[in-house]
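See below for coords13.cif, which holds mmCIF, C-alpha atoms.
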```cif
data_input
loop_
_atom_site.label_atom_id
_atom_site.label_comp_id
_atom_site.auth_asym_id
_atom_site.auth_seq_id
_atom_site.Cartn_x
_atom_site.Cartn_y
_atom_site.Cartn_z
CA MET T 760 0.00 0.00 0.00
CA LEU T 761 2.75 2.46 0.94
CA GLU T 762 4.81 1.57 -2.10
CA SER T 763 1.87 2.20 -4.43
CA LEU T 764 1.33 5.64 -2.87
CA LEU T 765 4.97 6.65 -3.16
CA ARG T 766 6.27 5.02 -6.36
CA SER T 767 4.81 7.67 -8.64
CA ASN T 768 5.91 10.61 -6.51
CA PRO T 769 8.84 12.50 -8.07
CA ILE T 770 10.53 13.14 -4.71
CA CYS T 771 9.93 9.76 -3.09
CA ALA T 772 10.36 7.50 -6.13
CA PRO T 773 14.14 7.95 -6.57
CA VAL T 774 14.73 7.10 -2.92
CA LEU T 775 12.49 4.05 -3.08
CA ALA T 776 14.23 2.92 -6.26
CA ALA T 777 17.37 2.61 -4.11
CA ALA T 778 15.56 1.67 -0.92
CA ALA T 779 18.20 -0.81 0.25
CA LYS T 780 20.99 1.71 -0.23
CA HIS T 781 18.99 4.33 1.66
CA GLU T 782 17.95 1.79 4.31
CA VAL T 783 14.37 3.06 4.13
CA GLN T 784 11.87 1.88 6.73
CA ILE T 785 8.33 3.28 7.01
CA LEU T 786 5.58 2.44 9.48
CA TYR T 787 2.24 4.19 8.89
CA THR T 788 -0.74 3.58 11.17
CA GLN T 789 -4.26 4.59 10.19
CA ILE T 790 -6.63 5.48 13.01
CA ASP T 791 -10.37 4.96 12.70
CA ARG T 792 -12.74 5.98 15.47
CA ASP T 793 -15.94 4.20 16.37
CA ALA T 794 -19.15 5.88 17.55
CA ALA T 795 -17.70 6.17 21.06
CA ASN T 796 -14.51 7.80 19.66
CA ARG T 797 -12.45 4.75 20.53
CA PRO T 798 -9.51 4.34 18.14
CA HIS T 799 -8.90 1.30 15.96
CA PHE T 800 -5.51 0.91 14.31
CA THR T 801 -4.38 -0.45 10.93
CA ARG T 802 -0.63 -0.67 10.36
CA HIS T 803 1.07 -0.46 6.97
CA GLU T 804 4.77 -1.29 6.68
CA TYR T 805 7.47 -0.73 4.09
CA ARG T 806 10.74 -2.61 4.66
CA VAL T 807 10.25 -2.60 8.43
CA ASN T 808 12.64 -5.09 10.02
CA PRO T 809 13.95 -4.84 13.60
CA GLU T 810 17.08 -6.71 12.53
CA ASP T 811 18.02 -3.96 10.05
CA TYR T 812 20.08 -1.64 12.23
CA PHE T 813 19.91 2.13 11.85
CA TYR T 814 21.31 4.77 14.18
CA PRO T 815 18.28 6.27 15.98
CA ALA T 816 20.05 9.47 17.07
CA SER T 817 17.75 11.80 19.01
CA THR T 818 14.57 9.76 18.57
CA ILE T 819 15.56 7.87 21.73
CA LYS T 820 15.03 11.06 23.75
CA LEU T 821 11.30 10.28 23.93
CA ALA T 822 12.15 7.16 25.92
CA GLY T 823 14.37 9.22 28.21
CA ALA T 824 11.52 11.63 28.95
CA LEU T 825 9.03 8.83 29.64
CA LEU T 826 11.37 6.90 31.91
CA ALA T 827 12.36 10.03 33.84
CA LEU T 828 8.72 10.93 34.53
CA GLU T 829 7.99 7.33 35.47
CA LYS T 830 10.92 7.24 37.88
CA LEU T 831 9.73 10.39 39.63
CA ASN T 832 6.31 8.80 40.15
CA GLN T 833 7.79 5.54 41.39
CA LEU T 834 10.09 7.32 43.84
CA ASP T 835 6.89 8.80 45.30
CA ILE T 836 8.70 11.27 47.56
CA VAL T 837 6.78 14.24 48.92
CA GLY T 838 8.04 17.41 47.25
CA VAL T 839 9.98 15.62 44.51
CA ASP T 840 8.42 16.10 41.10
CA ARG T 841 9.39 17.30 37.64
CA HIS T 842 9.49 20.92 38.85
CA THR T 843 11.82 20.28 41.81
CA PRO T 844 15.31 21.78 41.43
CA VAL T 845 17.99 19.15 40.90
CA ARG T 846 21.73 19.47 41.54
CA ILE T 847 23.85 17.13 39.44
CA ASP T 848 27.25 16.20 40.82
CA SER T 849 30.39 14.58 39.41
CA ALA T 850 31.90 11.49 40.98
CA SER T 851 33.65 9.59 38.19
CA SER T 852 35.64 10.02 35.00
CA GLY T 853 33.79 11.83 32.23
CA GLN T 854 31.08 13.27 34.47
CA THR T 855 30.23 16.98 34.64
CA ALA T 856 28.32 18.79 37.36
CA VAL T 857 25.36 21.16 37.01
CA ARG T 858 24.34 23.68 39.65
CA GLU T 859 22.51 26.29 37.57
CA ASP T 860 20.66 26.50 34.27
CA PRO T 861 20.48 30.07 32.94
CA THR T 862 17.83 28.99 30.40
CA ALA T 863 15.38 27.97 33.16
CA PRO T 864 12.76 30.41 34.51
CA ASP T 865 14.46 30.67 37.93
CA GLY T 866 17.92 29.64 36.82
CA LEU T 867 17.74 26.16 38.34
CA PRO T 868 17.73 22.80 36.52
CA THR T 869 14.59 20.66 36.73
CA ILE T 870 13.44 17.49 35.00
CA ALA T 871 10.54 19.42 33.44
CA HIS T 872 12.86 22.01 31.93
CA TYR T 873 15.18 19.36 30.53
CA ILE T 874 12.20 17.63 28.90
CA ARG T 875 10.94 20.89 27.38
CA LYS T 876 14.35 21.64 25.84
CA LEU T 877 14.70 18.05 24.69
CA PHE T 878 11.56 18.34 22.55
CA ALA T 879 11.66 22.04 21.59
CA VAL T 880 15.06 21.95 19.87
CA SER T 881 16.33 18.40 20.55
CA ASP T 882 18.80 19.57 23.20
CA ASN T 883 21.46 16.87 23.70
CA ASP T 884 22.60 17.91 27.16
CA ALA T 885 18.98 17.80 28.35
CA TYR T 886 18.72 14.16 27.28
CA ASN T 887 22.07 13.31 28.87
CA ARG T 888 20.87 14.68 32.21
CA LEU T 889 17.74 12.51 32.04
CA TYR T 890 19.95 9.53 31.18
CA GLU T 891 21.99 10.28 34.30
CA PHE T 892 18.87 10.53 36.46
CA VAL T 893 17.34 7.29 35.17
CA GLY T 894 20.64 5.38 34.92
CA GLN T 895 21.84 3.23 32.04
CA GLN T 896 20.51 -0.03 33.46
CA ARG T 897 16.99 1.31 33.99
CA MET T 898 17.01 3.05 30.61
CA ASN T 899 17.11 -0.40 29.04
CA GLU T 900 15.33 -2.63 31.53
CA GLY T 901 12.50 -0.12 31.91
CA LEU T 902 11.73 -0.58 28.20
CA TRP T 903 12.41 -4.32 28.03
CA GLU T 904 9.91 -4.88 30.85
CA LYS T 905 7.26 -3.23 28.69
CA GLY T 906 7.89 -5.61 25.81
CA ALA T 907 10.23 -3.32 23.86
CA ARG T 908 12.97 -5.83 23.14
CA ASP T 909 14.61 -4.20 20.12
CA VAL T 910 16.31 -1.59 22.27
CA ARG T 911 19.90 -0.94 23.28
CA LEU T 912 20.70 2.39 24.95
CA THR T 913 24.37 2.47 25.84
CA HIS T 914 25.64 6.05 25.73
CA ARG T 915 25.08 9.74 26.18
CA LEU T 916 24.65 11.86 23.07
CA ALA T 917 27.07 14.24 21.33
CA ILE T 918 29.87 13.80 23.88
CA ALA T 919 32.64 11.22 23.63
CA ARG T 920 32.61 8.87 26.60
CA SER T 921 33.97 5.33 26.98
CA PRO T 922 31.58 2.41 27.53
CA GLU T 923 32.78 2.33 31.14
CA GLU T 924 32.04 6.03 31.61
CA ASN T 925 28.59 5.62 30.11
CA ARG T 926 27.80 2.78 32.54
CA HIS T 927 28.44 5.23 35.40
CA THR T 928 25.89 8.00 35.89
CA ASN T 929 26.17 11.06 38.09
CA PRO T 930 25.00 11.32 41.69
CA LEU T 931 22.32 13.97 42.09
CA THR T 932 20.19 15.74 44.67
CA PHE T 933 16.63 17.07 44.57
CA TYR T 934 16.15 19.99 46.94
CA ARG T 935 14.10 23.05 47.87
CA GLY T 936 16.11 25.89 49.32
CA ALA T 937 18.27 24.39 52.06
CA GLN T 938 16.13 21.26 52.36
CA VAL T 939 17.43 18.07 50.73
CA LEU T 940 14.49 16.00 49.51
CA TYR T 941 16.21 13.07 47.78
CA GLN T 942 19.81 12.08 47.14
CA GLN T 943 20.67 9.55 44.45
CA PRO T 944 24.15 8.02 44.56
CA MET T 945 26.18 7.36 41.44
CA LEU T 946 24.53 4.51 39.57
CA VAL T 947 26.65 1.84 37.90
CA ASN T 948 25.24 -0.62 35.41
CA PRO T 949 26.89 -3.98 36.22
CA HIS T 950 26.32 -5.13 32.64
CA THR T 951 28.13 -4.11 29.47
CA TRP T 952 25.64 -4.14 26.62
CA ARG T 953 26.48 -4.21 22.94
CA ALA T 954 25.21 -6.10 19.91
CA PRO T 955 26.22 -9.78 19.87
CA ALA T 956 27.98 -9.35 16.51
CA PRO T 957 29.63 -6.43 14.68
CA ILE T 958 27.34 -4.06 12.77
CA PRO T 959 29.59 -2.75 9.97
CA LYS T 960 28.27 0.21 7.97
CA GLY T 961 29.73 2.09 5.03
CA GLU T 962 33.12 2.00 3.36
CA GLY T 963 35.04 4.08 5.88
CA HIS T 964 34.74 6.43 8.83
CA ILE T 965 36.47 9.35 10.46
CA GLN T 966 38.10 8.59 13.80
CA ASP T 967 40.22 11.08 15.76
CA GLY T 968 40.25 13.34 12.72
CA ALA T 969 41.63 10.72 10.34
CA LEU T 970 39.98 8.55 7.71
CA VAL T 971 39.85 4.87 8.59
CA ALA T 972 39.38 2.79 5.43
CA ALA T 973 37.04 0.30 7.08
CA PRO T 974 33.32 0.25 7.88
CA LYS T 975 32.11 1.89 11.08
CA ASP T 976 30.99 -0.67 13.66
CA PHE T 977 27.74 0.33 15.37
CA ALA T 978 27.67 -2.69 17.71
CA GLY T 979 28.24 -0.48 20.75
CA SER T 980 25.90 2.29 19.65
CA ASN T 981 22.35 3.07 20.68
CA TYR T 982 19.54 1.25 18.91
CA MET T 983 15.77 1.39 18.88
CA SER T 984 13.69 -0.22 16.14
CA VAL T 985 11.03 1.58 14.10
CA GLU T 986 8.32 -0.52 15.75
CA VAL T 987 9.51 0.33 19.26
CA LEU T 988 9.66 4.02 18.37
CA GLN T 989 6.02 3.99 17.28
CA ASP T 990 5.02 1.87 20.26
CA LEU T 991 6.35 4.67 22.48
CA LEU T 992 3.95 7.06 20.75
CA MET T 993 1.15 4.61 21.40
CA ALA T 994 2.10 4.58 25.07
CA VAL T 995 1.84 8.38 25.23
CA PHE T 996 -1.30 9.01 23.19
CA PHE T 997 -3.25 5.77 23.47
CA PRO T 998 -2.19 4.09 26.74
CA GLU T 999 -5.70 2.79 27.37
CA GLU T 1000 -5.39 0.69 24.21
CA LEU T 1001 -2.31 -1.12 25.56
CA PRO T 1002 -2.20 -3.90 28.14
CA ALA T 1003 -1.26 -2.62 31.59
CA GLU T 1004 2.20 -4.18 31.49
CA ARG T 1005 3.14 -2.11 28.42
CA ARG T 1006 2.15 1.25 29.88
CA PHE T 1007 4.37 3.74 31.64
CA ASP T 1008 3.59 4.73 35.22
CA LEU T 1009 2.44 8.24 34.35
CA ARG T 1010 -0.20 10.51 35.85
CA PRO T 1011 -2.82 12.50 33.90
CA ASP T 1012 -0.81 15.68 34.43
CA ASP T 1013 2.28 13.97 32.99
CA TYR T 1014 0.41 13.20 29.77
CA ARG T 1015 -0.80 16.80 29.44
CA PHE T 1016 2.75 18.00 30.00
CA LEU T 1017 4.02 15.66 27.27
CA TYR T 1018 1.32 16.72 24.78
CA ARG T 1019 2.47 20.32 25.16
CA ALA T 1020 6.20 19.62 25.13
CA MET T 1021 6.07 17.28 22.13
CA SER T 1022 4.05 19.63 19.92
CA MET T 1023 5.33 23.06 20.98
CA LEU T 1024 7.18 25.02 18.31
CA PRO T 1025 10.46 26.74 19.26
CA ARG T 1026 8.85 30.20 19.01
CA GLU T 1027 6.16 29.11 21.48
CA CYS T 1028 8.66 28.09 24.15
CA PRO T 1029 8.73 30.71 26.95
CA HIS T 1030 11.95 29.42 28.54
CA PRO T 1031 14.34 29.63 26.93
CA GLN T 1032 13.26 32.00 24.18
CA TYR T 1033 14.72 30.63 20.96
CA ASP T 1034 15.79 32.76 18.00
CA PRO T 1035 13.12 32.06 15.32
CA GLU T 1036 15.64 32.68 12.55
CA LYS T 1037 17.72 29.74 13.72
CA TYR T 1038 14.99 27.66 15.31
CA TYR T 1039 12.18 27.95 12.75
CA ASP T 1040 8.85 26.11 13.12
CA SER T 1041 9.94 22.93 11.35
CA TYR T 1042 13.38 22.78 12.97
CA VAL T 1043 12.41 19.47 14.60
CA LYS T 1044 9.27 18.69 12.56
CA PHE T 1045 10.46 16.74 9.52
CA PHE T 1046 7.20 15.23 8.23
CA LEU T 1047 5.18 17.59 5.98
CA PHE T 1048 7.31 20.68 6.70
CA GLY T 1049 10.95 19.63 7.11
CA ASP T 1050 12.06 21.00 3.72
CA SER T 1051 10.79 24.52 4.43
CA LYS T 1052 11.43 27.28 6.97
CA ALA T 1053 7.98 28.82 6.45
CA PRO T 1054 5.59 29.05 9.43
CA MET T 1055 3.50 25.93 10.02
CA PRO T 1056 -0.32 26.21 9.86
CA ASP T 1057 -2.07 26.58 13.21
CA SER T 1058 -4.52 23.75 12.56
CA VAL T 1059 -1.81 21.08 12.23
CA ARG T 1060 0.06 19.81 15.26
CA ILE T 1061 2.87 17.27 15.14
CA PHE T 1062 3.65 15.46 18.38
CA ASN T 1063 7.01 13.92 17.65
CA LYS T 1064 10.70 13.32 18.14
CA VAL T 1065 13.17 13.46 15.27
CA GLY T 1066 16.69 12.12 14.84
CA LEU T 1067 19.54 13.34 12.62
CA ALA T 1068 23.03 11.85 12.80
CA TYR T 1069 25.52 9.77 10.77
CA GLY T 1070 23.37 10.39 7.68
CA TYR T 1071 20.26 8.83 9.23
CA VAL T 1072 17.18 11.07 9.12
CA THR T 1073 14.30 9.86 11.27
CA ASP T 1074 10.94 11.15 12.44
CA ASN T 1075 8.48 9.51 14.81
CA ALA T 1076 5.20 11.39 14.93
CA TYR T 1077 1.53 11.53 15.79
CA VAL T 1078 0.07 14.02 13.30
CA VAL T 1079 -3.21 15.83 13.94
CA ASP T 1080 -5.21 18.34 11.89
CA PHE T 1081 -7.93 19.73 14.13
CA GLU T 1082 -9.82 21.54 11.35
CA ARG T 1083 -10.03 18.61 8.95
CA GLY T 1084 -10.37 15.80 11.48
CA VAL T 1085 -7.18 13.99 10.41
CA GLU T 1086 -4.92 11.91 12.65
CA PHE T 1087 -2.28 9.28 11.94
CA LEU T 1088 0.95 7.78 13.27
CA LEU T 1089 4.03 7.80 11.06
CA THR T 1090 7.57 6.60 11.71
CA ALA T 1091 10.28 6.55 9.06
CA VAL T 1092 14.03 6.51 8.59
CA VAL T 1093 16.22 7.15 5.55
CA LEU T 1094 20.01 7.06 5.18
CA VAL T 1095 21.67 9.75 3.05
CA ASN T 1096 25.41 9.06 2.91
CA GLU T 1097 26.39 9.01 -0.74
CA ASN T 1098 30.14 8.70 -0.20
CA GLY T 1099 29.78 5.83 2.28
CA ILE T 1100 31.99 7.58 4.85
CA PHE T 1101 30.56 7.92 8.35
CA ASN T 1102 31.33 10.78 10.70
CA ASP T 1103 32.69 13.09 7.99
CA GLY T 1104 29.75 15.51 8.15
CA ALA T 1105 29.10 15.08 4.41
CA TYR T 1106 25.49 13.92 4.25
CA GLU T 1107 22.67 14.81 1.87
CA TYR T 1108 20.25 16.00 4.55
CA ASP T 1109 18.95 19.07 2.71
CA GLU T 1110 19.15 17.54 -0.77
CA VAL T 1111 17.55 14.13 -0.12
CA GLY T 1112 16.75 13.25 3.49
CA LEU T 1113 14.57 16.12 4.66
CA PRO T 1114 12.73 16.49 1.32
CA PHE T 1115 11.97 12.76 1.38
CA LEU T 1116 10.49 12.78 4.89
CA ALA T 1117 8.60 16.02 4.26
CA GLU T 1118 7.09 14.64 1.06
CA LEU T 1119 6.32 11.31 2.71
CA GLY T 1120 4.34 13.20 5.34
CA ARG T 1121 2.51 15.20 2.68
CA VAL T 1122 1.62 12.10 0.68
CA ILE T 1123 0.20 10.35 3.74
CA TYR T 1124 -1.61 13.51 4.82
CA ALA T 1125 -3.18 13.93 1.36
CA TYR T 1126 -4.26 10.29 1.43
CA GLU T 1127 -5.79 10.79 4.88
CA LEU T 1128 -7.77 13.80 3.65
CA LYS T 1129 -9.43 11.64 1.00
CA ARG T 1130 -9.88 8.52 3.10
CA LYS T 1131 -13.46 7.80 4.13
CA ARG T 1132 -14.17 7.55 7.84
CA ALA T 1133 -17.32 6.22 9.44
CA HIS T 1134 -16.93 8.71 12.29
CA ARG T 1135 -15.13 12.04 12.47
CA PRO T 1136 -12.63 11.87 15.35
CA ASP T 1137 -13.00 14.07 18.40
CA LEU T 1138 -9.45 15.39 18.76
CA SER T 1139 -10.12 17.92 21.51
CA LYS T 1140 -8.02 15.89 23.95
CA TRP T 1141 -4.88 16.97 22.09
CA ARG T 1142 -5.61 20.71 22.06
CA VAL T 1143 -3.03 22.45 24.18
CA ASN T 1144 -2.59 25.98 25.49
CA TYR T 1145 0.89 27.11 24.47
CA GLY T 1146 0.80 30.34 26.46
CA PRO T 1147 3.28 31.06 29.28
#
```

Mind turning this structure into structure tokens?
Amino acid sequence: MLESLLRSNPICAPVLAAAAKHEVQILYTQIDRDAANRPHFTRHEYRVNPEDYFYPASTIKLAGALLALEKLNQLDIVGVDRHTPVRIDSASSGQTAVREDPTAPDGLPTIAHYIRKLFAVSDNDAYNRLYEFVGQQRMNEGLWEKGARDVRLTHRLAIARSPEENRHTNPLTFYRGAQVLYQQPMLVNPHTWRAPAPIPKGEGHIQDGALVAAPKDFAGSNYMSVEVLQDLLMAVFFPEELPAERRFDLRPDDYRFLYRAMSMLPRECPHPQYDPEKYYDSYVKFFLFGDSKAPMPDSVRIFNKVGLAYGYVTDNAYVVDFERGVEFLLTAVVLVNENGIFNDGAYEYDEVGLPFLAELGRVIYAYELKRKRAHRPDLSKWRVNYGP
């Protein structure tokens, strides 16, 4: 079904003609509501295979946000919540401390502020601090316990740390004024996780500034399959449709917070205030709009998390059009690395990757506009106030 929609499209067809080279995977889920507004899902796949590795980059940050909120709830300590100031310490090699955050409303780091930055502009440090709060072991086991087996989260993002350093996560303290509310010691994952066999990619890679004429091995790198990525969206937006053991331990207010954070545009973020010239509407919204810097229409909201690294361009989104009564789930990845060299910064993001994902989103959206529905969905649950 997906192939028939895309094969005749002038932007998508060339990529699909070399789908193996571009490592394309697409998972599109139609949503049909019954008379009671309960959703029913129909999945359509194109080359989806959990054994076909791709580097998920920042898409894993959604898992970090969910697990951090879940951990706060499971700690169940009076006064400790996502708005509680947190002091991050350093106790081992490769760790850095945080006492203040000048981008926060009161200058103090909080889990809520890290999550907002993580979604608004895909802030890497924000994810790393959530990783340190949750701990490497729980980052993985917390997902495995929910049935997400095709997951391996082994390292912080955008900073070079050894596997040993990534197994150790910072001690931290939640506090109010002079009152210490909770102290977490340094966590150490007793396990060393990597793929059971090498995952060679490409013809060469840059290491320590020099070209290595051998494939890059991703065996020790993060991984999360396309299906798991979309299942995380299901857990956020349709938890009642999942068995209890696959849900996150979140409260109603957590969900509302996530709806806002995941769909907020950079210009709508009160803290910090992002420069709209640099952080335009579609800065982290690749489907439908990723090939343009023009303002996005008010009626369309994209609740998502993108990834962009090593030539892999990924988006994982729940797309809603309130005016036209459209909703769908879409997850896709494409590799754009024409020279086969990883880590050289020479990728065809603007020429191929972003146009492909933007057009893919537009094709699916156009199809959804024409698709007959027995019942128009009530999407009011997803309407969010983006004011201060």

Which neighbours of T:Lys905 fall inside 8 Å, counting only C-alpha atoms, when residues of the same chain fewer than 6 positions from it are skipped, and could you give them as a list of chain:residue names?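 Near neighbours after the sequence-gap exclusion: T:Glu1004, T:Arg1005, T:Arg1006.
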
If you apply the PyMOL selection byres ((chain T and resi 962) around 8) to this file, what residues do you get, as a ChimeraX atom specification? /T:960-961,963-964,972-975,1099-1100

Could you take the residues named above and write them with C-alpha atoms, as a PDB file, in the frame of the given file?
```
ATOM      1  CA  LYS T 960      28.270   0.210   7.970  1.00  0.00           C
ATOM      2  CA  GLY T 961      29.730   2.090   5.030  1.00  0.00           C
ATOM      3  CA  GLY T 963      35.040   4.080   5.880  1.00  0.00           C
ATOM      4  CA  HIS T 964      34.740   6.430   8.830  1.00  0.00           C
ATOM      5  CA  ALA T 972      39.380   2.790   5.430  1.00  0.00           C
ATOM      6  CA  ALA T 973      37.040   0.300   7.080  1.00  0.00           C
ATOM      7  CA  PRO T 974      33.320   0.250   7.880  1.00  0.00           C
ATOM      8  CA  LYS T 975      32.110   1.890  11.080  1.00  0.00           C
ATOM      9  CA  GLY T1099      29.780   5.830   2.280  1.00  0.00           C
ATOM     10  CA  ILE T1100      31.990   7.580   4.850  1.00  0.00           C
TER      11      ILE T1100
END
```

Computed interatomic separation between atom CA of T:Leu912 and atom CA of T:Asn899 (Å): 6.1 Å

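Take the candidates T:Phe892, T:Val1079, T:Leu1067, T:Asp909 and check each one against T:Glu1107 using only C-alpha atoms; the shortest distance goes to T:Leu1067.
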
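Of the listed residues T:Asp1012, T:Glu1086, T:Asp1103, T:Glu1127, the one whose atoms come nearest to T:Asp840 is T:Asp1012, with distances taken using only C-alpha atoms.
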
Two-atom distance - atom CA of T:Asp976, atom CA of T:Pro955 (Å): 12.0 Å

Just the residues within 9 Å of stretch 846-856 of chain T, please, counting only C-alpha atoms, with nothing from its chain fewer than 2 positions along; format it as a PyMOL selection string. chain T and resi 844+858-859+867-869+888+891-892+919-921+924-925+927-934+945
